[in-house]
file upload.cif (mmCIF, C-alpha atoms and all ligand atoms)
data_run
loop_
_atom_site.label_atom_id
_atom_site.label_comp_id
_atom_site.auth_asym_id
_atom_site.auth_seq_id
_atom_site.Cartn_x
_atom_site.Cartn_y
_atom_site.Cartn_z
CA MET A 1 157.48 65.78 -3.86
CA PRO A 2 159.82 62.72 -3.86
CA LYS A 3 158.41 59.44 -2.54
CA ASN A 4 159.12 58.79 1.14
CA GLN A 5 161.16 55.55 1.11
CA PHE A 6 161.68 55.58 4.88
CA ASP A 7 158.32 54.33 6.14
CA GLU A 8 157.56 52.91 9.63
CA ARG A 9 159.03 49.52 8.72
CA ILE A 10 162.37 50.97 7.57
CA ALA A 11 162.49 53.54 10.38
CA ALA A 12 161.89 50.84 13.02
CA ARG A 13 165.11 49.05 12.14
CA TYR A 14 167.20 51.89 10.68
CA ASP A 15 169.61 52.24 13.61
CA LYS A 16 170.05 48.47 13.98
CA ASP A 17 170.62 47.98 10.23
CA SER A 18 173.12 50.86 10.20
CA THR A 19 175.05 49.71 13.31
CA GLU A 20 178.42 50.11 11.62
CA MET A 21 177.60 53.77 10.82
CA PHE A 22 177.03 54.42 14.56
CA ASP A 23 180.42 52.92 15.45
CA PRO A 24 182.45 55.71 17.13
CA ALA A 25 185.34 54.91 14.75
CA VAL A 26 183.06 55.95 11.85
CA LEU A 27 180.92 58.56 13.56
CA ASP A 28 183.46 60.58 15.57
CA PRO A 29 185.62 61.72 12.61
CA ALA A 30 182.46 62.84 10.79
CA VAL A 31 181.21 64.80 13.78
CA ASP A 32 184.69 66.33 14.35
CA PHE A 33 184.85 67.39 10.70
CA LEU A 34 181.37 68.96 10.73
CA ALA A 35 181.85 70.61 14.13
CA ASP A 36 185.06 72.27 12.88
CA LEU A 37 183.22 73.72 9.89
CA ALA A 38 180.20 74.87 11.91
CA GLY A 39 182.54 76.75 14.25
CA SER A 40 180.58 79.02 16.55
CA GLY A 41 177.64 79.01 14.11
CA SER A 42 174.80 76.58 13.58
CA ALA A 43 174.17 73.64 11.28
CA LEU A 44 171.39 72.45 8.96
CA GLU A 45 171.19 68.71 8.25
CA LEU A 46 169.40 67.71 5.05
CA GLY A 47 167.88 64.26 5.71
CA ILE A 48 168.40 64.29 9.48
CA GLY A 49 166.88 60.83 9.90
CA THR A 50 167.07 59.41 13.40
CA GLY A 51 169.77 61.91 14.41
CA ARG A 52 172.87 59.75 13.98
CA ILE A 53 174.99 62.86 13.27
CA ALA A 54 172.71 65.63 14.54
CA LEU A 55 172.56 64.33 18.10
CA PRO A 56 176.33 64.14 18.79
CA LEU A 57 176.78 67.48 16.99
CA SER A 58 174.12 69.07 19.18
CA ARG A 59 175.76 67.56 22.29
CA ARG A 60 178.88 69.53 21.34
CA GLY A 61 176.90 72.73 21.77
CA ILE A 62 176.19 73.37 18.07
CA ARG A 63 172.63 74.43 17.29
CA VAL A 64 171.30 71.91 14.75
CA HIS A 65 168.16 72.04 12.63
CA GLY A 66 167.11 69.21 10.32
CA ILE A 67 164.85 68.63 7.35
CA ASP A 68 163.40 65.19 6.64
CA LEU A 69 160.67 63.78 4.46
CA SER A 70 159.88 60.88 6.78
CA PRO A 71 157.68 61.45 9.85
CA ALA A 72 158.58 57.90 10.97
CA MET A 73 162.34 58.67 11.00
CA VAL A 74 161.70 61.96 12.85
CA GLU A 75 159.60 60.07 15.42
CA LYS A 76 162.59 57.78 16.09
CA LEU A 77 164.80 60.85 16.50
CA ARG A 78 162.34 62.44 18.93
CA ALA A 79 162.27 59.25 21.04
CA LYS A 80 165.97 59.73 21.88
CA PRO A 81 166.97 61.71 24.95
CA GLY A 82 168.69 65.05 24.30
CA THR A 83 166.88 65.88 21.05
CA ASP A 84 164.74 68.72 22.46
CA ASP A 85 167.29 71.29 21.29
CA ILE A 86 167.20 70.00 17.71
CA GLY A 87 164.65 71.65 15.42
CA VAL A 88 163.09 69.55 12.67
CA THR A 89 161.02 70.52 9.64
CA VAL A 90 159.22 67.71 7.82
CA GLY A 91 159.55 68.25 4.07
CA ASP A 92 161.64 67.73 0.95
CA PHE A 93 165.19 69.01 1.44
CA ALA A 94 165.37 70.01 -2.24
CA THR A 95 162.77 72.73 -1.69
CA THR A 96 161.81 73.14 1.98
CA GLN A 97 162.85 76.43 3.61
CA VAL A 98 163.26 76.62 7.37
CA GLY A 99 163.35 80.44 7.64
CA ASP A 100 166.89 80.67 9.06
CA THR A 101 170.53 80.72 7.90
CA PHE A 102 173.45 78.54 8.99
CA SER A 103 177.25 78.44 8.84
CA LEU A 104 177.04 74.80 7.72
CA ALA A 105 174.63 72.65 5.73
CA TYR A 106 175.36 68.95 5.29
CA LEU A 107 173.97 65.88 3.53
CA VAL A 108 175.67 62.62 4.45
CA PHE A 109 175.46 58.83 4.00
CA ASN A 110 174.79 58.99 0.21
CA THR A 111 171.47 60.77 0.77
CA ILE A 112 171.88 63.11 -2.24
CA THR A 113 171.22 59.98 -4.35
CA ASN A 114 167.73 59.71 -2.84
CA LEU A 115 166.86 62.55 -5.21
CA THR A 116 166.35 60.59 -8.41
CA THR A 117 166.49 63.35 -11.03
CA GLN A 118 169.21 65.83 -11.92
CA ASP A 119 166.70 68.68 -11.54
CA GLU A 120 165.98 67.69 -7.93
CA GLN A 121 169.69 67.42 -7.12
CA VAL A 122 170.30 70.86 -8.68
CA MET A 123 167.41 72.27 -6.61
CA CYS A 124 168.91 70.72 -3.48
CA PHE A 125 172.19 72.62 -4.01
CA ALA A 126 170.25 75.86 -4.57
CA ASN A 127 168.26 75.22 -1.39
CA ALA A 128 171.40 74.48 0.64
CA ALA A 129 173.06 77.67 -0.66
CA ALA A 130 169.95 79.72 0.18
CA HIS A 131 170.24 78.55 3.81
CA LEU A 132 173.94 79.44 4.13
CA GLU A 133 175.40 82.61 5.56
CA PRO A 134 178.12 84.22 3.37
CA GLY A 135 181.29 82.14 3.87
CA GLY A 136 179.17 79.13 4.95
CA CYS A 137 179.86 75.62 3.69
CA PHE A 138 177.82 72.79 2.20
CA VAL A 139 179.19 69.27 2.82
CA ILE A 140 178.22 66.08 1.01
CA GLU A 141 179.33 62.50 1.75
CA VAL A 142 178.56 60.20 -1.17
CA PHE A 143 179.92 57.14 -2.95
CA VAL A 144 181.79 57.37 -6.24
CA PRO A 145 179.77 55.48 -8.90
CA ILE A 146 181.36 52.05 -9.37
CA LEU A 147 180.93 51.82 -13.13
CA GLN A 148 184.62 50.91 -13.53
CA ARG A 149 183.72 47.59 -11.91
CA LEU A 150 180.68 46.94 -14.09
CA PRO A 151 181.80 45.00 -17.21
CA PRO A 152 180.10 46.05 -20.50
CA GLY A 153 176.67 44.47 -20.79
CA GLU A 154 176.33 43.71 -17.07
CA THR A 155 173.92 45.68 -14.93
CA VAL A 156 173.94 44.04 -11.47
CA ARG A 157 176.46 44.10 -8.59
CA ALA A 158 176.01 42.41 -5.23
CA PHE A 159 176.61 44.76 -2.29
CA HIS A 160 175.65 42.39 0.53
CA LEU A 161 175.77 38.60 0.69
CA SER A 162 175.22 36.82 4.00
CA PRO A 163 173.06 33.86 5.09
CA THR A 164 170.14 36.09 6.08
CA ARG A 165 170.54 39.14 3.83
CA LEU A 166 171.13 39.62 0.13
CA GLY A 167 171.55 42.97 -1.58
CA PHE A 168 172.01 43.82 -5.26
CA ASP A 169 172.41 47.12 -7.07
CA GLU A 170 170.97 47.21 -10.58
CA TYR A 171 172.43 49.94 -12.79
CA ASP A 172 170.77 51.74 -15.67
CA VAL A 173 173.59 53.76 -17.19
CA ALA A 174 171.28 55.45 -19.71
CA THR A 175 169.25 57.15 -16.96
CA GLN A 176 172.03 57.26 -14.30
CA LEU A 177 169.70 55.41 -11.94
CA LEU A 178 170.45 52.46 -9.74
CA PHE A 179 167.90 50.29 -8.02
CA SER A 180 168.96 48.72 -4.73
CA HIS A 181 167.23 45.41 -4.12
CA HIS A 182 167.23 44.07 -0.57
CA TYR A 183 166.13 40.55 0.41
CA ARG A 184 165.89 39.66 4.08
CA LEU A 185 165.40 36.01 4.99
CA ASP A 186 163.50 35.31 8.20
CA GLY A 187 162.94 31.57 8.56
CA ASP A 188 160.76 30.62 5.58
CA ARG A 189 159.78 34.24 4.93
CA VAL A 190 161.51 36.53 2.45
CA GLU A 191 161.02 40.24 2.91
CA ARG A 192 161.83 42.31 -0.17
CA PHE A 193 162.50 46.00 -0.56
CA SER A 194 163.73 47.96 -3.59
CA ALA A 195 164.45 51.66 -3.93
CA PRO A 196 165.77 53.90 -6.73
CA PHE A 197 168.82 56.18 -6.42
CA ARG A 198 170.45 58.62 -8.82
CA TYR A 199 174.21 58.10 -8.73
CA VAL A 200 176.16 61.25 -9.40
CA TRP A 201 179.74 62.14 -10.31
CA PRO A 202 181.98 64.48 -8.29
CA ALA A 203 182.39 66.83 -11.27
CA GLU A 204 178.62 66.92 -11.77
CA LEU A 205 178.17 67.91 -8.12
CA ASP A 206 180.78 70.68 -8.59
CA LEU A 207 178.73 72.03 -11.48
CA MET A 208 175.55 71.93 -9.34
CA ALA A 209 177.44 73.88 -6.68
CA ARG A 210 178.52 76.48 -9.26
CA LEU A 211 174.93 76.84 -10.47
CA ALA A 212 174.05 77.59 -6.84
CA GLY A 213 176.84 80.18 -6.56
CA MET A 214 179.26 78.02 -4.53
CA ARG A 215 182.82 76.82 -5.21
CA LEU A 216 184.62 73.60 -4.27
CA ARG A 217 186.82 74.21 -1.24
CA GLU A 218 187.93 70.68 -0.24
CA ARG A 219 187.48 67.11 -1.39
CA TRP A 220 188.65 64.13 0.66
CA SER A 221 188.24 60.35 0.46
CA ASN A 222 187.05 60.13 4.09
CA TRP A 223 186.30 62.20 7.20
CA ALA A 224 189.93 61.85 8.35
CA ARG A 225 190.90 64.05 5.38
CA GLN A 226 192.82 61.42 3.43
CA PRO A 227 193.43 62.42 -0.18
CA PHE A 228 190.76 61.82 -2.80
CA THR A 229 192.31 59.70 -5.58
CA SER A 230 191.22 57.66 -8.59
CA ASP A 231 190.87 54.66 -6.23
CA SER A 232 188.53 56.44 -3.79
CA VAL A 233 185.15 54.79 -3.38
CA CYS A 234 183.59 57.71 -1.54
CA HIS A 235 184.16 61.43 -1.17
CA ILE A 236 183.57 64.15 1.35
CA SER A 237 183.20 67.40 -0.58
CA VAL A 238 182.96 70.90 0.84
CA TRP A 239 181.61 73.80 -1.24
CA GLU A 240 181.73 77.35 0.03
CA LYS A 241 179.32 80.24 -0.47
CA PRO A 242 181.41 83.37 -1.17
CA ALA A 243 181.89 85.63 1.85
C1 LIG B 301 170.23 57.21 4.62
S1 LIG B 301 169.19 58.13 5.71
C2 LIG B 301 170.40 59.17 6.49
C3 LIG B 301 169.93 59.69 7.82
C4 LIG B 301 171.00 60.44 8.60
N1 LIG B 301 171.46 61.60 7.88
C5 LIG B 301 172.17 59.52 8.89
O1 LIG B 301 173.28 59.81 8.46
O2 LIG B 301 171.98 58.50 9.58
C6 LIG B 301 168.38 59.26 4.59
C7 LIG B 301 167.39 60.18 5.26
O3 LIG B 301 167.05 61.19 4.32
C8 LIG B 301 165.64 61.34 4.27
N2 LIG B 301 165.30 61.80 2.91
C9 LIG B 301 165.46 61.14 1.74
N3 LIG B 301 165.07 61.91 0.71
C10 LIG B 301 164.65 63.08 1.24
C11 LIG B 301 164.14 64.28 0.70
N4 LIG B 301 163.97 64.45 -0.62
N5 LIG B 301 163.81 65.28 1.55
C12 LIG B 301 163.98 65.14 2.88
N6 LIG B 301 164.45 64.03 3.47
C13 LIG B 301 164.79 63.01 2.65
C14 LIG B 301 165.08 59.99 4.61
O4 LIG B 301 163.76 60.10 5.10
C15 LIG B 301 166.08 59.51 5.66
O5 LIG B 301 165.71 59.92 6.94
#
call {"tool": "encode", "arguments": {"input": "upload.cif", "output": "structure tokens"}}
result
Amino acid sequence: MPKNQFDERIAARYDKDSTEMFDPAVLDPAVDFLADLAGSGSALELGIGTGRIALPLSRRGIRVHGIDLSPAMVEKLRAKPGTDDIGVTVGDFATTQVGDTFSLAYLVFNTITNLTTQDEQVMCFANAAAHLEPGGCFVIEVFVPILQRLPPGETVRAFHLSPTRLGFDEYDVATQLLFSHHYRLDGDRVERFSAPFRYVWPAELDLMARLAGMRLRERWSNWARQPFTSDSVCHISVWEKPA
């Protein structure tokens, strides 16, 4: 079972720390995109968290079920009004079965990289496919690894620099792991948090989808369906289970 990185401390400030991801300009295109794919069916969110996506999707009348490893994140979801219709199973989304099938499964906000081995990521695709009806789709939103911007011999890139927060990603290209180091300054106190991620290439994800019996249907650089190019920093990929 992977380590639960989203403990009470992280869950307590998740929504506040992710404010920009709750901005309607960011959220609405994602929910539109996912609602279109779910159609008149239902949706399974892998890593449902505090319901950032699941809640607005459910408000559109789509039945949503989620899997999450973190009881603390699920507790934050449950504290929000309107979540009674959302089912949640606490467990690892690489292996946990919820006993139902869906027209859509999705895994957003780079969460595939929380699985830190290739085996776990492969299992996650197999698990998503096992929950899909024929013709159903699996959607992932994840960053493109930034190795083009990492000069030879260097291993660290800053991802956040402000007077009260510092963030650095430390790359290990041999193991395809990156460690995100967060430092939060609160007066004289420094709070530190580090977590490992496995960065993964689009083509590698396509191969994982094939192993799970799915094929790439669409790949975009954002939820507004702009083209995916060699400059894209992120991708939204859709794999389909054959009808
Ligand atoms: C970055 S948050 C994203 C939450 C939500 N999807 C969103 O977009 O706001 C990642 C979530 O995935 C969960 N998670 C990470 N690894 C997991 C795993 N192996 N199995 C189940 N949940 C996992 C975490 O507990 C956390 O709630």
call {"tool": "residues_near_ligand", "arguments": {"input": "upload.cif", "ligand": "ligand LIG 301 (chain B)", "cutoff": "6 Å", "atoms": "all atoms listed in the file", "output": "VMD selection string"}}
result
chain A and resid 2 6 47 to 49 52 to 53 67 to 70 73 91 to 94 108 to 109 111 114 to 115
call {"tool": "closest_atom_pairs", "arguments": {"input": "upload.cif", "of": "segment 127-196 of chain A", "to": "segment 207-219 of chain A", "cutoff": "12 Å", "atoms": "all atoms listed in the file", "output": "Markdown table"}}
result
| residue | atom | partner | partner_atom | distance |
| --- | --- | --- | --- | --- |
| A:Asn127 | CA | A:Ala212 | CA | 8.3 |
| A:Ala128 | CA | A:Ala212 | CA | 8.5 |
| A:Ala129 | CA | A:Ala212 | CA | 6.3 |
| A:Ala130 | CA | A:Ala212 | CA | 8.4 |
| A:His131 | CA | A:Ala212 | CA | 11.4 |
| A:Leu132 | CA | A:Met214 | CA | 10.3 |
| A:Glu133 | CA | A:Met214 | CA | 11.7 |
| A:Pro134 | CA | A:Met214 | CA | 10.1 |
| A:Gly135 | CA | A:Met214 | CA | 9.6 |
| A:Gly136 | CA | A:Met214 | CA | 9.5 |
| A:Cys137 | CA | A:Met214 | CA | 8.6 |
| A:Phe138 | CA | A:Met214 | CA | 8.6 |
| A:Val139 | CA | A:Glu218 | CA | 9.4 |
| A:Ile140 | CA | A:Arg219 | CA | 9.6 |
| A:Glu141 | CA | A:Arg219 | CA | 9.9 |
| A:Val142 | CA | A:Arg219 | CA | 11.3 |
call {"tool": "write_last_selection", "arguments": {"input": "upload.cif", "atoms": "C-alpha atoms", "output": "short mmCIF file (atom, residue, chain, number, x, y, z; two decimals), keeping the file's coordinate frame"}}
result
data_model
loop_
_atom_site.label_atom_id
_atom_site.label_comp_id
_atom_site.auth_asym_id
_atom_site.auth_seq_id
_atom_site.Cartn_x
_atom_site.Cartn_y
_atom_site.Cartn_z
CA ASN A 127 168.26 75.22 -1.39
CA ALA A 128 171.40 74.48 0.64
CA ALA A 129 173.06 77.67 -0.66
CA ALA A 130 169.95 79.72 0.18
CA HIS A 131 170.24 78.55 3.81
CA LEU A 132 173.94 79.44 4.13
CA GLU A 133 175.40 82.61 5.56
CA PRO A 134 178.12 84.22 3.37
CA GLY A 135 181.29 82.14 3.87
CA GLY A 136 179.17 79.13 4.95
CA CYS A 137 179.86 75.62 3.69
CA PHE A 138 177.82 72.79 2.20
CA VAL A 139 179.19 69.27 2.82
CA ILE A 140 178.22 66.08 1.01
CA GLU A 141 179.33 62.50 1.75
CA VAL A 142 178.56 60.20 -1.17
#
call {"tool": "closest_residue", "arguments": {"input": "upload.cif", "among": "A:Ala158, A:Pro71, A:Leu205, A:Asp231", "to": "Met123 of chain A", "atoms": "only C-alpha atoms"}}
result
A:Leu205
call {"tool": "residues_around", "arguments": {"input": "upload.cif", "residues": "Arg198 of chain A", "least_positions_apart": "3", "cutoff": "6 Å", "atoms": "only C-alpha atoms", "output": "list of chain:residue names"}}
result
A:Thr113, A:Thr116, A:Gln176, A:Leu177
call {"tool": "atom_distance", "arguments": {"input": "upload.cif", "atom1": "atom CA of Pro227 of chain A", "atom2": "atom CA of Thr117 of chain A"}}
result
29.1 Å
call {"tool": "closest_residue", "arguments": {"input": "upload.cif", "among": "A:Thr83, A:Thr175, A:Thr229, A:Thr96", "to": "Leu57 of chain A", "atoms": "only C-alpha atoms"}}
result
A:Thr83
call {"tool": "closest_residue", "arguments": {"input": "upload.cif", "among": "A:Leu46, A:Arg60, A:Ala25, A:Gln5", "to": "Cys124 of chain A", "atoms": "all atoms listed in the file"}}
result
A:Leu46
call {"tool": "axis_aligned_box", "arguments": {"input": "upload.cif", "around": "segment 209-215 of chain A", "padding_each_side": "4 Å", "output": "AutoDock Vina command-line options"}}
result
--center_x 178.4 --center_y 77.0 --center_z -7.5 --size_x 16.8 --size_y 14.3 --size_z 13.9
call {"tool": "residues_around", "arguments": {"input": "upload.cif", "residues": "segment 10-21 of chain A", "least_positions_apart": "6", "cutoff": "8 Å", "atoms": "all atoms listed in the file", "output": "MDAnalysis selection string"}}
result
chainID A and resid 27 50 72:73 76
call {"tool": "atom_distance", "arguments": {"input": "upload.cif", "atom1": "atom CA of Phe102 of chain A", "atom2": "atom CA of Glu120 of chain A"}}
result
21.4 Å
call {"tool": "closest_residue", "arguments": {"input": "upload.cif", "among": "A:Asp119, A:Arg63, A:Val74, A:Asp23", "to": "Glu8 of chain A", "atoms": "all atoms listed in the file"}}
result
A:Val74
call {"tool": "closest_residue", "arguments": {"input": "upload.cif", "among": "A:Thr95, A:Ser58, A:Ser230, A:Ser237", "to": "Gly82 of chain A", "atoms": "all atoms listed in the file"}}
result
A:Ser58
call {"tool": "atom_distance", "arguments": {"input": "upload.cif", "atom1": "atom CA of Asp28 of chain A", "atom2": "atom CA of Phe197 of chain A"}}
result
26.8 Å
call {"tool": "closest_residue", "arguments": {"input": "upload.cif", "among": "A:Val200, A:Leu55, A:His235, A:Arg9", "to": "Leu147 of chain A", "atoms": "only C-alpha atoms"}}
result
A:Val200
call {"tool": "residues_around", "arguments": {"input": "upload.cif", "residues": "Glu154 of chain A", "least_positions_apart": "5", "cutoff": "10 Å", "atoms": "all atoms listed in the file", "output": "ChimeraX atom specification"}}
result
/A:149,170-172
call {"tool": "residues_around", "arguments": {"input": "upload.cif", "residues": "Pro29 of chain A", "least_positions_apart": "5", "cutoff": "10 Å", "atoms": "all atoms listed in the file", "output": "PyMOL selection string"}}
result
chain A and resi 24+34-35+222-225
